[in-house]
Each structure stands twice: as C-alpha cells, then as structure tokens.
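Visitor: Below you'll find work33.txt; it's compact mmCIF, C-alpha atoms.
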# COMPACT_ATOMS: atom_id res chain seq x y z
CA MET A 1 47.95 82.54 112.08
CA LYS A 2 50.74 84.08 114.09
CA THR A 3 51.96 87.56 113.26
CA PRO A 4 55.69 88.30 112.74
CA LEU A 5 55.75 90.04 116.11
CA ALA A 6 54.27 86.99 117.80
CA ASP A 7 57.01 84.84 116.24
CA LEU A 8 59.64 87.28 117.48
CA MET A 9 58.18 87.21 120.97
CA ARG A 10 58.41 83.41 120.94
CA ASP A 11 62.09 83.65 119.91
CA PHE A 12 62.70 86.06 122.77
CA GLU A 13 61.09 83.74 125.30
CA GLN A 14 63.22 80.83 124.07
CA ALA A 15 66.41 82.90 124.31
CA LEU A 16 65.37 84.10 127.77
CA GLN A 17 64.72 80.55 128.93
CA GLY A 18 68.19 79.51 127.77
CA ALA A 19 69.98 82.36 129.58
CA SER A 20 71.35 80.51 132.60
CA SER A 21 73.03 83.63 133.99
CA ILE A 22 69.66 85.33 134.55
CA HIS A 23 67.82 84.33 137.73
CA PRO A 24 64.60 82.34 137.16
CA THR A 25 62.57 84.89 139.15
CA ALA A 26 63.84 87.70 136.92
CA LYS A 27 62.97 85.62 133.85
CA GLY A 28 59.39 85.25 135.01
CA LEU A 29 59.04 88.99 135.65
CA VAL A 30 60.53 89.86 132.25
CA ARG A 31 58.32 87.34 130.44
CA THR A 32 55.24 89.00 131.94
CA ALA A 33 56.44 92.61 131.63
CA LEU A 34 57.39 92.71 127.94
CA PRO A 35 53.87 92.02 126.52
CA GLU A 36 52.49 94.61 128.94
CA ARG A 37 55.01 97.24 127.79
CA LEU A 38 54.19 96.49 124.17
CA GLU A 39 50.45 96.75 124.74
CA ARG A 40 50.77 100.14 126.44
CA TYR A 41 53.03 101.34 123.63
CA PHE A 42 50.54 100.27 120.97
CA ARG A 43 47.63 101.96 122.80
CA LEU A 44 49.26 105.41 122.71
CA PRO A 45 47.14 107.71 120.48
CA GLU A 46 50.14 108.87 118.43
CA ASN A 47 50.91 105.26 117.55
CA ARG A 48 47.49 104.51 116.06
CA ASP A 49 45.34 105.55 113.14
CA HIS A 50 41.93 104.48 111.83
CA ARG A 51 43.35 101.11 110.79
CA GLY A 52 44.91 100.35 114.16
CA VAL A 53 48.62 100.36 115.08
CA ARG A 54 50.69 102.32 112.59
CA SER A 55 52.97 100.20 110.42
CA HIS A 56 56.17 102.03 111.33
CA VAL A 57 55.32 101.54 115.03
CA LYS A 58 55.01 97.79 114.46
CA ARG A 59 58.36 97.71 112.66
CA HIS A 60 59.98 99.65 115.50
CA ALA A 61 58.57 97.17 118.02
CA GLU A 62 59.78 94.20 115.97
CA THR A 63 63.29 95.65 115.80
CA THR A 64 63.38 96.17 119.57
CA VAL A 65 62.22 92.60 120.29
CA LYS A 66 64.93 91.28 117.96
CA GLN A 67 67.52 93.33 119.84
CA LEU A 68 66.25 92.04 123.19
CA THR A 69 66.50 88.49 121.86
CA ARG A 70 70.13 89.08 120.96
CA ALA A 71 70.75 90.48 124.44
CA ALA A 72 69.23 87.38 126.06
CA ARG A 73 71.54 85.17 124.00
CA TYR A 74 74.60 87.32 124.64
CA ALA A 75 74.01 87.17 128.42
CA ASP A 76 75.72 83.75 128.39
CA ASP A 77 77.51 83.39 125.09
CA HIS A 78 79.27 86.63 124.14
CA PRO A 79 83.08 86.44 124.43
CA ASP A 80 83.31 89.94 125.91
CA ALA A 81 82.53 89.98 129.67
CA ASN A 82 81.43 93.60 129.53
CA ILE A 83 78.87 92.81 126.82
CA ARG A 84 77.55 89.86 128.84
CA SER A 85 77.06 92.13 131.85
CA ARG A 86 75.32 94.81 129.78
CA ALA A 87 73.12 92.19 128.14
CA LYS A 88 71.82 90.91 131.50
CA GLU A 89 71.23 94.48 132.64
CA LEU A 90 69.22 95.26 129.50
CA VAL A 91 67.04 92.16 129.81
CA ARG A 92 66.28 92.88 133.48
CA SER A 93 65.43 96.51 132.61
CA VAL A 94 62.31 95.27 130.76
CA THR A 95 60.54 95.29 134.14
CA LYS A 96 61.56 98.91 134.89
CA LEU A 97 61.43 100.92 131.65
CA CYS A 98 58.58 101.98 129.42
CA PHE A 99 58.81 100.59 125.92
CA GLU A 100 60.12 103.86 124.41
CA ASP A 101 63.05 103.95 126.87
CA LEU A 102 63.58 100.21 126.48
CA ALA A 103 63.83 100.59 122.70
CA LEU A 104 66.44 103.35 123.12
CA ALA A 105 68.46 101.23 125.57
CA ALA A 106 68.29 98.21 123.25
CA SER A 107 69.47 100.27 120.27
CA ARG A 108 72.43 101.61 122.24
CA PHE A 109 73.30 98.13 123.41
CA ILE A 110 73.39 96.76 119.86
CA GLY A 111 75.54 99.70 118.80
CA ARG A 112 77.97 98.79 121.55
CA VAL A 113 77.93 95.12 120.49
CA ASN A 114 78.65 96.07 116.89
CA LYS A 115 81.53 98.31 117.91
CA VAL A 116 83.10 95.59 120.07
CA GLY A 117 82.66 93.04 117.28
CA HIS A 118 84.21 95.40 114.76
CA ARG A 119 87.26 95.93 116.97
CA ARG A 120 87.64 92.18 117.44
CA ARG A 121 87.46 91.54 113.68
CA GLU A 122 90.02 94.28 113.10
CA ARG A 123 92.42 92.61 115.53
CA GLU A 124 91.94 89.30 113.73
CA ARG A 125 92.55 90.88 110.31
CA HIS A 126 95.58 92.69 111.65
CA ALA A 127 97.02 89.36 112.82
CA GLU A 128 96.29 87.73 109.43
CA ARG A 129 97.93 90.31 107.19
CA ASN A 130 101.22 89.62 105.39
CA THR A 131 104.45 91.60 105.64
CA TRP A 132 107.35 91.67 103.15
CA VAL A 133 110.78 92.91 104.22
CA ILE A 134 112.10 94.83 101.21
CA ALA A 135 115.33 96.20 102.64
CA ARG A 136 116.93 96.74 106.00
CA ASN A 137 114.86 99.87 106.60
CA ALA A 138 111.82 99.20 104.44
CA LYS A 139 108.89 96.80 104.41
CA LEU A 140 105.52 96.31 102.78
CA VAL A 141 102.47 95.70 104.96
CA GLU A 142 99.24 94.26 103.56
CA LEU A 143 96.10 96.25 104.34
CA ASN A 144 93.19 93.82 104.49
CA SER A 145 90.31 95.86 105.90
CA LEU A 146 88.38 99.00 105.04
CA ASP A 147 89.50 100.71 108.27
CA GLN A 148 93.17 99.98 107.60
CA ILE A 149 92.98 101.41 104.07
CA GLN A 150 91.14 104.52 105.21
CA HIS A 151 93.53 105.07 108.13
CA ALA A 152 96.54 104.78 105.80
CA GLY A 153 94.90 107.36 103.54
CA ARG A 154 94.52 109.79 106.43
CA VAL A 155 98.12 109.32 107.60
CA LEU A 156 99.52 109.72 104.08
CA GLY A 157 97.13 112.41 102.84
CA LEU A 158 95.75 110.24 100.02
CA CYS A 159 92.32 110.00 98.40
CA VAL A 160 91.54 106.70 100.16
CA ALA A 161 91.04 108.69 103.36
CA ASP A 162 87.60 109.30 101.84
CA LEU A 163 85.21 106.45 102.61
CA LEU A 164 83.94 106.14 99.03
CA TRP A 165 87.46 105.76 97.62
CA ALA A 166 88.47 103.39 100.41
CA ARG A 167 85.44 101.19 99.72
CA ASP A 168 86.36 100.99 96.04
CA TYR A 169 89.86 99.76 96.94
CA TYR A 170 88.56 97.38 99.59
CA GLU A 171 86.08 95.74 97.22
CA GLY A 172 89.03 94.61 95.13
CA VAL A 173 90.86 93.34 98.22
CA ARG A 174 87.81 91.46 99.49
CA SER A 175 87.17 89.81 96.14
CA GLY A 176 90.82 88.76 95.80
CA ASP A 177 91.31 90.90 92.67
CA ALA A 178 93.64 93.41 94.31
CA LEU A 179 96.25 94.03 96.98
CA VAL A 180 96.73 97.27 98.89
CA LEU A 181 100.16 97.57 100.49
CA ARG A 182 101.57 100.23 102.80
CA PHE A 183 105.25 101.05 102.35
CA ASP A 184 106.82 101.58 105.78
CA ARG A 185 110.13 103.06 106.84
CA PRO A 186 111.46 103.30 110.42
CA ASP A 187 109.92 106.78 110.82
CA GLY A 188 106.47 105.61 109.68
CA PRO A 189 104.38 105.00 106.55
CA ALA A 190 105.89 106.47 103.38
CA GLY A 191 103.51 105.41 100.64
CA LEU A 192 100.76 103.16 99.31
CA LEU A 193 100.88 100.57 96.51
CA HIS A 194 97.77 99.30 94.74
CA LEU A 195 98.14 96.07 92.76
CA LYS A 196 95.51 94.63 90.44
CA LEU A 197 96.12 90.90 90.51
CA LYS A 198 93.85 89.84 87.66
CA LYS A 199 95.36 92.43 85.33
CA LYS A 200 98.83 91.64 86.72
CA CYS A 201 99.93 95.22 87.13
CA PHE A 202 100.73 97.90 89.66
CA ALA A 203 97.81 100.27 89.29
CA GLU A 204 99.12 103.03 91.58
CA VAL A 205 102.20 103.79 93.66
CA ASP A 206 101.90 106.99 95.69
CA GLY A 207 103.94 108.74 98.33
CA ARG A 208 102.63 111.25 100.85
CA GLY A 209 100.12 113.68 99.40
CA HIS A 210 100.18 111.83 96.06
CA GLU A 211 103.82 112.79 95.58
CA LEU A 212 106.22 110.35 93.93
CA LEU A 213 107.20 107.53 96.29
CA LYS A 214 110.99 107.73 96.40
CA LEU A 215 112.46 104.25 96.31
CA SER A 216 116.07 103.24 96.06
CA ARG A 217 116.92 101.04 93.11
CA THR A 218 117.44 98.08 95.46
CA GLU A 219 114.06 98.63 97.13
CA ALA A 220 112.28 98.97 93.80
CA LEU A 221 113.82 95.79 92.38
CA ASN A 222 113.05 93.85 95.55
CA VAL A 223 109.41 94.92 95.37
CA MET A 224 109.32 93.75 91.75
CA ARG A 225 110.84 90.41 92.73
CA GLU A 226 108.16 89.85 95.36
CA PHE A 227 105.43 90.57 92.79
CA TRP A 228 107.26 89.60 89.63
CA GLU A 229 104.08 88.82 87.69
CA CYS A 230 102.83 92.42 88.00
CA GLU A 231 103.86 94.92 85.33
CA THR A 232 105.65 98.10 86.47
CA SER A 233 106.70 99.74 83.21
CA ASP A 234 104.17 102.58 83.64
CA ILE A 235 105.09 103.33 87.26
CA ASP A 236 107.55 106.21 87.64
CA ALA A 237 108.63 105.14 91.14
CA PHE A 238 110.27 102.08 89.53
CA THR A 239 111.47 103.28 86.13
CA ARG A 240 113.11 106.49 87.39
CA VAL A 241 115.63 104.44 89.44
CA GLY A 242 116.28 101.85 86.72
CA ALA A 243 114.14 99.07 88.16
CA PHE A 244 113.29 97.20 84.97
CA ARG A 245 112.18 93.62 84.48
CA GLU A 246 115.40 92.81 82.62
CA PHE A 247 117.36 93.37 85.85
CA LEU A 248 115.36 91.05 88.11
CA GLU A 249 117.97 88.30 87.77
CA GLY A 250 120.80 90.77 88.35
CA THR A 251 122.39 93.69 86.55
CA PRO A 252 124.94 92.61 83.92
CA ALA A 253 127.99 94.73 83.11
CA PRO A 254 127.01 97.58 80.78
CA VAL A 255 128.78 98.96 77.75
CA LYS A 256 130.26 102.29 78.85
CA LEU A 257 130.41 105.17 76.40
CA ARG A 258 131.14 108.87 76.59
CA GLN A 259 130.17 111.80 74.42
CA GLY A 260 131.60 115.04 75.69
CA ASP A 261 130.51 115.50 79.29
CA VAL A 262 127.80 112.87 79.00
CA GLU A 263 128.58 109.40 80.32
CA MET A 264 126.46 106.53 79.06
CA ARG A 265 125.88 103.01 80.29
CA VAL A 266 124.10 100.80 77.78
CA TRP A 267 122.46 97.38 78.13
CA ARG A 268 121.14 95.58 75.08
CA PHE A 269 118.56 92.83 75.58
CA PRO A 270 116.65 90.76 73.00
CA ASP A 271 113.54 92.92 73.33
CA ALA A 272 114.78 96.19 74.78
CA VAL A 273 117.59 98.69 75.14
CA ILE A 274 118.27 100.35 78.49
CA LEU A 275 120.38 103.46 78.92
CA SER A 276 121.64 105.31 81.94
CA LEU A 277 123.05 108.80 81.32
CA ARG A 278 124.88 111.30 83.49
CA ASP A 279 126.12 114.80 82.65
CA ARG A 280 129.42 115.19 84.49
CA ALA A 281 129.51 118.94 83.96
CA GLN A 282 126.21 119.41 85.77
CA GLY A 283 126.97 116.78 88.40
CA ARG A 284 123.62 115.12 87.84
CA THR A 285 122.78 111.65 88.98
CA TRP A 286 122.10 108.86 86.52
CA TRP A 287 118.96 109.22 84.41
CA TRP A 288 117.37 106.03 83.17
CA SER A 289 115.62 105.34 79.86
CA ARG A 290 114.26 102.21 78.25
CA PHE A 291 113.24 101.56 74.66
CA GLU A 292 111.50 98.46 73.40
CA TYR A 293 111.75 96.90 70.00
CA GLU A 294 108.34 97.14 68.44
CA GLY A 295 108.71 93.64 67.01
CA PRO A 296 109.87 92.10 63.70
CA ARG A 297 108.09 93.08 60.53
CA TRP A 298 108.09 90.88 57.49
CA ARG A 299 107.75 91.87 53.88
CA GLY A 300 107.38 89.59 50.89
CA ARG A 301 105.55 88.77 47.71
CA ALA A 302 102.58 86.60 46.92
CA PRO A 303 100.95 86.55 50.36
CA GLY A 304 98.72 83.70 49.20
CA ARG A 305 101.63 81.30 48.92
CA SER A 306 102.84 79.02 51.69
CA LEU A 307 105.38 80.40 54.16
CA ARG A 308 108.14 78.24 52.67
CA ARG A 309 107.63 79.62 49.18
CA ARG A 310 107.39 83.28 50.13
CA ARG A 311 110.34 85.54 49.63
CA LEU A 312 110.54 87.25 53.00
CA ARG A 313 112.97 89.63 54.59
CA VAL A 314 113.11 91.20 58.02
CA VAL A 315 112.55 94.93 58.15
CA GLU A 316 114.59 96.77 60.78
CA ARG A 317 112.64 96.84 64.04
CA PRO A 318 111.67 100.37 65.14
CA PHE A 319 111.84 101.45 68.79
CA VAL A 320 109.04 102.58 71.08
CA GLU A 321 109.41 104.32 74.44
CA GLY A 322 109.43 101.85 77.33
CA CYS A 323 109.14 104.36 80.19
CA HIS A 324 107.83 107.88 80.56
CA HIS A 325 109.09 109.36 83.83
CA THR A 326 110.49 112.88 84.03
CA GLY A 327 114.08 112.84 82.74
CA ALA A 328 113.68 109.80 80.51
CA LEU A 329 114.74 110.30 76.91
CA SER A 330 111.96 110.71 74.41
CA LEU A 331 112.08 108.65 71.24
CA GLY A 332 113.24 111.72 69.28
CA GLU A 333 116.05 112.41 71.76
CA PHE A 334 117.13 108.78 71.61
CA LEU A 335 117.26 108.78 67.80
CA SER A 336 119.23 112.04 67.84
CA LEU A 337 121.67 110.45 70.25
CA LEU A 338 122.07 107.48 67.92
CA LEU A 339 122.88 109.80 65.02
CA SER A 340 125.37 111.87 66.99
CA CYS A 341 127.12 108.93 68.69
CA PRO A 342 128.45 106.33 66.22
CA GLU A 343 129.71 104.17 69.11
CA LEU A 344 126.17 103.83 70.48
CA TYR A 345 124.85 103.02 67.03
CA GLU A 346 127.45 100.26 66.72
CA VAL A 347 126.52 98.81 70.11
CA LEU A 348 122.88 98.58 69.07
CA GLY A 349 123.53 97.70 65.46
Please render this file's structure as structure tokens.

Guide:
Amino acid sequence: MKTPLADLMRDFEQALQGASSIHPTAKGLVRTALPERLERYFRLPENRDHRGVRSHVKRHAETTVKQLTRAARYADDHPDANIRSRAKELVRSVTKLCFEDLALAASRFIGRVNKVGHRRRERERHAERNTWVIARNAKLVELNSLDQIQHAGRVLGLCVADLLWARDYYEGVRSGDALVLRFDRPDGPAGLLHLKLKKKCFAEVDGRGHELLKLSRTEALNVMREFWECETSDIDAFTRVGAFREFLEGTPAPVKLRQGDVEMRVWRFPDAVILSLRDRAQGRTWWWSRFEYEGPRWRGRAPGRSLRRRRLRVVERPFVEGCHHTGALSLGEFLSLLLSCPELYEVLG
C-alpha cells in the first residue's frame, strides 16, 4: 500500500514529465535527486524518534513535495512570465540544495505565487465593480473585495481599517446580502455607505473619522433613487437635508407659513407630515422634520359582530417622530407648535 508521500512523489513526477520548458536531462537529474534529498532529510537524528521519522517531519516533507509539484506545473502554464521563470529555477534547484533549503525556497515561491494571484484577482474585481454618478462632483463606487474595504477604512479613518471589521462587512458582500459603497468627490473619498440588501435598509453612512457624511439634498435624493428599496429614515445624512421618500418623485410646492421670525414650509402626505423651519432672526438654514401618522384606530361595540354590523368610528391618528437627527423637532415641540400656530393646525386638520 502506497503512503501519502509516495502518492505525492508520483504526482510530482507526472507534473515534471509534462513540463516541456524544462530540459529532459534536467528532468532526469531532478527525478533522481529528490528521493535522495528526502532520504537524507529523514535520516537526520533530530528528525527521528524510537518509532521512526517524526510525524511533523513527514508533514513538512509532504507540503514541500506538493509545492514542488505546483512549481513543475507552473513552469509552463502560469500566466505570469516571472512566475514561470521562478518555477523552472526552483525545480532545477532540487539537484543543488539540501532538503531543508529546498523546503524554504519552495515556501517562498508559493508565497510569491499567492501574492501575484491576489493582485491579479484584485485587478479583476476592480474592473467588475459598479459605479453610480450621483451628481456632477459626486459618485458611488462599489467595493467588492476585502482589500478594497480595508483600504477605504484606512483612508477614511473608519473601523473597517481593522481586518476583523472588514471581514465582517466583506462576508455580507460575498454572500450577496450587502453592498459597501465608497462616496467619492473630486478631492478623494468622503465617506462609506453600508447597505443591507435582505433587510432593505442603509445600515451605516459615515464620513471621515465616523463624522456625519455631509450630502447636499440633491445628492442624498439621488442616492435614494438609485437604491429606492432601501430604507433611510434612520440615517441622519439623509434626513437632515430633507431627503425623504415622499420627495423621490419630486418636491411639490409647500404651504408657506410664518410665526414671528420663524418661517415654515409644510408638506402634507397621506402617511406623513414634513416641515422645514428657518429662524430669520438667527439667519439659520432650513431645519427638516418629519412626523408619521401612527395609523387609523377603530373603536366600536360588540366586537363579536360582523364588520358590517359594528358601529365603528375613526379615532384621530396620533403622530410619531419620523426622523431623529440633531435639529429635528421632537414630538413635544411639534405639538406645541400646532397649539401656538392655528394656521398650521388648519393645514394639517
């Protein structure tokens, strides 16, 4: 019965025989030299115990033979000319090096192969990634590899610069459950967006150093239009500039009101009320707020009766806060505004 090492040696000889770029004379010398190198290596006192060759020594030898087999195959077939040259050099070195040095050379060669392969895959992924033009000076770039996510984290000073965090994000990308997008401006990356596709939401939107990503209202709405299925109501970068789902088809003319120095623009929709306020005395920009109707409530008698026979009436629908960014009105502030501004109450009534 053949041992695993014997099977690996057979694989090496087959790969060596198929390497047309290696001279037949060199093949013969290598075929003879490798068993000799292995035998000397196994006879070393430090590699043996009372049972024979130590198990870890056998595993080390098996790994080296596998690496030499790869080198023999790469001598003809690898797409990188430098790797093909190094592969032939490694195979021929079997006749010159002791097994310990040969194992070290083989390990370094495989490391080089892996690095070249990684760079090639990165170039392919880079070419495959999608880009969305959001505005004249803004675009979103898909990050579809672990290296790209980690590099973006380092540039932007975000947690995904850490390998463990980056791997967590990349697992979602690889499985198709998530998208990681870099927000670019002409002067470089400005932020990172993390979308969870199965949950249909924006999970995170961060600027440099985990600061708020500052989007214009046009940019924010265009991002929402590109990913219209994903919820953004909990993301301050969108709500603070008035980028709400109700405006995706355009912004209708608001009702304009004024109470003292405070200017108000009001939009009433079937399921929500949106307000934009500005204090003229303080010269502040517009501050956005959104309140949702909690939903109709029904009251009636005899709940056991059919719907047609019940005496039902609609109870006034209470509001709940629809955004929570700094500067947005709280529910209490909104209700106080309703009480102090009869015109607003009439608009919503």

Visitor: Have a look at CA of Ile110 in chain A and CA of Ala15 in chain A and let me know their distance in Å, one decimal.

Guide: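 Atom-to-atom, CA of Ile110 in chain A and CA of Ala15 in chain A are spaced 16.1 Å apart.
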
Visitor: Could you name the residues that touch range 90-105 of chain A at 9 Å or less, counting all atoms listed in the file, but leaving out those on the same chain fewer than 3 positions away, as a ChimeraX atom specification?

Guide: /A:16,22,26-27,29-34,37-38,40-41,60-61,63-65,67-69,71-72,75,85-87,108-110

Visitor: By how many Å are CA of Glu294 in chain A and CA of Glu263 in chain A apart?

Guide: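 Going from CA of Glu294 in chain A over to CA of Glu263 in chain A covers 26.5 Å.
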
Visitor: Which neighbours of range 200-213 of chain A fall inside 12 Å, counting all atoms listed in the file, when residues of the same chain fewer than 6 positions from it are skipped, and could you give them as a PyMOL selection string?

Guide: chain A and resi 152-161+169+172+177-185+188-194+219-220+223-224+227-241+325-326

Visitor: With 9 Å as the threshold, what does the neighbourhood of (105.7, 103.6, 77.0) contain in terms of residues, counting only C-alpha atoms? Coordinates are those of the file; answer as JSON, numbers by chain.

Guide: {"A": [233, 234, 290, 291, 292, 320, 321, 322, 323, 324]}

Visitor: Rounded to one decimal, what separation in Å do you get between CA of Gly28 in chain A and CA of Ser107 in chain A?

Guide: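 Taking CA of Gly28 in chain A as the start and CA of Ser107 in chain A as the end point, the length is 23.3 Å.
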
Visitor: Can you list, as a list of chain:residue names, every protein, DNA or RNA residue that comes within 12 Å of Gly250 in chain A when you count only C-alpha atoms, leaving out same-chain residues fewer than 3 positions away?

Guide: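 Counting only C-alpha atoms, the residues come to A:Arg217, A:Thr218, A:Leu221, A:Asn222, A:Arg225, A:Ala243, A:Phe244, A:Arg245, A:Glu246, A:Phe247, A:Ala253, A:Pro254.
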
Visitor: When distances are computed from all atoms listed in the file, which of A:Asn137, A:Gln282, A:Trp288, A:Gln259 shows the smallest separation from Leu337 in chain A?

Guide: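 Of A:Asn137, A:Gln282, A:Trp288, A:Gln259, the one nearest Leu337 in chain A is A:Gln259, counting all atoms listed in the file.
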
Visitor: With only C-alpha atoms as the basis for distance, which of A:Gly176, A:Ala272, A:Arg123, A:Arg136 is at the shortest distance from Ser216 in chain A?

Guide: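 When distances to Ser216 in chain A are compared using only C-alpha atoms, the smallest one comes from A:Arg136.
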